[in-house]
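What follows is a short report on a single structure.
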Amino acid sequence: MSIKMTVGRQLRPVGGFLAVLVFAGTAPALAHHSFAVFDHTRTVTVKGTVTKFQWTNPHAFIEVDIPATDGGAVKHFTIECTSINMMSRLGWRSTMIKAGDQVKAVVAPLLSGQPGGLLLEITLANGEKREPGVPGIGGFKRSPEE
């Protein structure tokens, strides 16, 4: 009887450690957001000057200033990209976009109406077109460019 109690007591710390490992492994998956905040029914084409290209985890971001067509104030637009891991696999590099570059981006806009969206395609300053590798990109309905 004392042998069973000794074995049981020794296994408790191991069981607790395994529970912590399982929870820690699922936490990143639970923390990651979906693309539900973006409009899947239309796209917007943004043309402007890059103010910042942020190459960070979990997602890269491109900050763009868009000149007003009516001579009004410049509109600042925040474009979210996919993960830099996915972008790197597609040939993207942290130095591809620089502040001051002129770009044209096709984005799925934020449902909130705020000036931002998910990058679906970009034309870089040198004319090269790139996609960031959005999973399920076919689920985003493209609108004609305005």
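Identifiers in the structure tokens: chain A, B, ... in order shown; residue index from 1 per chain; ligand index from 1 in order shown.
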
Skipping near chain neighbours, those fewer than 4 positions away, what residues fall within 10 Å of A:Leu90 using only C-alpha atoms, listed as a ChimeraX atom specification? /A:84-86,130-133

Got time to write the residues from that selection, C-alpha atoms, as an mmCIF file, in the first residue's frame?
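Dumped everything to part_35.cif:
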```
data_model
loop_
_atom_site.group_PDB
_atom_site.id
_atom_site.type_symbol
_atom_site.label_atom_id
_atom_site.label_comp_id
_atom_site.auth_asym_id
_atom_site.auth_seq_id
_atom_site.Cartn_x
_atom_site.Cartn_y
_atom_site.Cartn_z
ATOM 1 C CA ILE A 84 6.087 37.971 -41.739
ATOM 2 C CA ASN A 85 6.813 34.238 -41.748
ATOM 3 C CA MET A 86 4.257 33.694 -44.513
ATOM 4 C CA ARG A 130 2.892 41.230 -54.800
ATOM 5 C CA GLU A 131 0.427 39.327 -52.667
ATOM 6 C CA PRO A 132 1.048 38.762 -48.943
ATOM 7 C CA GLY A 133 -0.343 35.206 -48.839
#
```

What's around A:Leu118 at 12 Å? Count only C-alpha atoms, leave out sequence neighbours fewer than 6 positions away in its own chain, and write the answer as a ChimeraX atom specification. /A:34-40,42-46,59-63,77-83,105-111,131-135,137,140

Would you save the residues from that selection as a compact mmCIF listing (two decimals), in the first residue's frame, using N, CA and C atoms?
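Okay, again04.txt is ready:
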```txt
# COMPACT_ATOMS: atom_id res chain seq x y z
N SER A 34 -9.06 36.28 -36.26
CA SER A 34 -9.42 35.88 -37.62
C SER A 34 -9.50 37.13 -38.49
N PHE A 35 -9.94 36.93 -39.72
CA PHE A 35 -10.13 38.05 -40.63
C PHE A 35 -11.57 38.56 -40.60
N ALA A 36 -12.29 38.27 -39.52
CA ALA A 36 -13.70 38.64 -39.40
C ALA A 36 -13.92 40.15 -39.32
N VAL A 37 -12.90 40.93 -38.97
CA VAL A 37 -13.06 42.38 -38.84
C VAL A 37 -12.98 43.08 -40.20
N PHE A 38 -12.69 42.33 -41.27
CA PHE A 38 -12.55 42.91 -42.60
C PHE A 38 -13.74 42.56 -43.47
N ASP A 39 -14.11 43.47 -44.35
CA ASP A 39 -15.23 43.27 -45.27
C ASP A 39 -14.82 42.29 -46.37
N HIS A 40 -15.53 41.18 -46.47
CA HIS A 40 -15.24 40.16 -47.49
C HIS A 40 -16.04 40.39 -48.77
N ARG A 42 -16.26 43.39 -50.54
CA ARG A 42 -15.76 44.42 -51.45
C ARG A 42 -14.31 44.73 -51.12
N THR A 43 -13.64 45.39 -52.05
CA THR A 43 -12.27 45.84 -51.83
C THR A 43 -12.18 47.33 -52.12
N VAL A 44 -11.13 47.92 -51.63
CA VAL A 44 -10.83 49.33 -51.84
C VAL A 44 -9.41 49.42 -52.37
N THR A 45 -9.19 50.27 -53.35
CA THR A 45 -7.84 50.51 -53.87
C THR A 45 -7.31 51.79 -53.26
N VAL A 46 -6.17 51.68 -52.62
CA VAL A 46 -5.54 52.80 -51.92
C VAL A 46 -4.27 53.18 -52.66
N HIS A 59 1.95 40.33 -37.26
CA HIS A 59 1.63 40.76 -38.63
C HIS A 59 2.45 41.99 -38.99
N ALA A 60 2.75 42.11 -40.27
CA ALA A 60 3.39 43.33 -40.77
C ALA A 60 2.28 44.38 -41.00
N PHE A 61 2.66 45.64 -41.01
CA PHE A 61 1.73 46.74 -41.27
C PHE A 61 2.36 47.73 -42.23
N ILE A 62 1.54 48.33 -43.07
CA ILE A 62 1.98 49.40 -43.96
C ILE A 62 1.12 50.61 -43.64
N GLU A 63 1.76 51.71 -43.29
CA GLU A 63 1.06 52.96 -43.02
C GLU A 63 1.18 53.83 -44.28
N PHE A 77 -4.02 55.82 -43.66
CA PHE A 77 -4.61 54.50 -43.82
C PHE A 77 -3.64 53.46 -43.27
N THR A 78 -4.13 52.56 -42.42
CA THR A 78 -3.31 51.49 -41.86
C THR A 78 -3.69 50.17 -42.53
N ILE A 79 -2.71 49.53 -43.14
CA ILE A 79 -2.94 48.29 -43.87
C ILE A 79 -2.26 47.14 -43.14
N GLU A 80 -3.07 46.16 -42.75
CA GLU A 80 -2.53 44.97 -42.08
C GLU A 80 -2.16 43.93 -43.11
N CYS A 81 -1.01 43.31 -42.93
CA CYS A 81 -0.56 42.22 -43.80
C CYS A 81 -0.68 40.90 -43.04
N THR A 82 -0.30 39.82 -43.68
CA THR A 82 -0.26 38.53 -43.00
C THR A 82 1.02 38.45 -42.17
N SER A 83 1.33 37.28 -41.67
CA SER A 83 2.52 37.12 -40.83
C SER A 83 3.79 37.29 -41.66
N ALA A 105 -2.41 49.79 -53.27
CA ALA A 105 -2.77 48.58 -52.54
C ALA A 105 -4.26 48.28 -52.69
N VAL A 106 -4.56 47.01 -52.88
CA VAL A 106 -5.94 46.54 -52.88
C VAL A 106 -6.16 45.92 -51.51
N VAL A 107 -7.14 46.44 -50.78
CA VAL A 107 -7.39 45.99 -49.42
C VAL A 107 -8.85 45.63 -49.21
N ALA A 108 -9.07 44.71 -48.27
CA ALA A 108 -10.42 44.44 -47.76
C ALA A 108 -10.59 45.41 -46.60
N PRO A 109 -11.51 46.38 -46.72
CA PRO A 109 -11.60 47.42 -45.69
C PRO A 109 -12.13 46.90 -44.36
N LEU A 110 -11.84 47.65 -43.30
CA LEU A 110 -12.37 47.33 -41.98
C LEU A 110 -13.89 47.49 -41.98
N LEU A 111 -14.59 46.59 -41.34
CA LEU A 111 -16.05 46.68 -41.25
C LEU A 111 -16.49 47.89 -40.43
N GLU A 131 1.49 39.72 -53.60
CA GLU A 131 0.43 39.33 -52.67
C GLU A 131 1.09 38.88 -51.37
N PRO A 132 0.43 39.13 -50.22
CA PRO A 132 1.05 38.76 -48.94
C PRO A 132 0.76 37.34 -48.49
N GLY A 133 -0.05 36.58 -49.23
CA GLY A 133 -0.34 35.21 -48.84
C GLY A 133 -1.48 35.09 -47.85
N VAL A 134 -2.56 35.81 -48.10
CA VAL A 134 -3.73 35.75 -47.22
C VAL A 134 -4.41 34.39 -47.38
N PRO A 135 -4.58 33.64 -46.27
CA PRO A 135 -5.29 32.37 -46.36
C PRO A 135 -6.75 32.61 -46.79
N ILE A 137 -7.86 33.70 -49.66
CA ILE A 137 -7.98 34.98 -50.39
C ILE A 137 -9.13 34.96 -51.39
N PHE A 140 -12.55 36.73 -50.64
CA PHE A 140 -12.70 38.18 -50.66
C PHE A 140 -13.14 38.60 -52.05
```

Calculated over only C-alpha atoms, which of the candidates A:Thr69, A:Thr123, A:Ser112, A:Thr56 has the smallest distance to A:Ser88?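 Nearest to A:Ser88: A:Thr56.
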
Write out as a PyMOL selection string the set of residues from stretch 51-136 of chain A that DSSP, computed on the backbone, places in strand (DSSP E). chain A and resi 51-54+61-66+75-80+102-109+116-123+129-130

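The neighbours of A:Gly100 here are the residues that come within 8 Å of it, using only C-alpha atoms and leaving out any residue fewer than 3 positions away in the same chain; they are A:Thr49, A:Val50, A:Thr51.
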
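Of note, atom CA of A:Thr95 and atom CA of A:Gly48 are spaced 18.3 Å apart.
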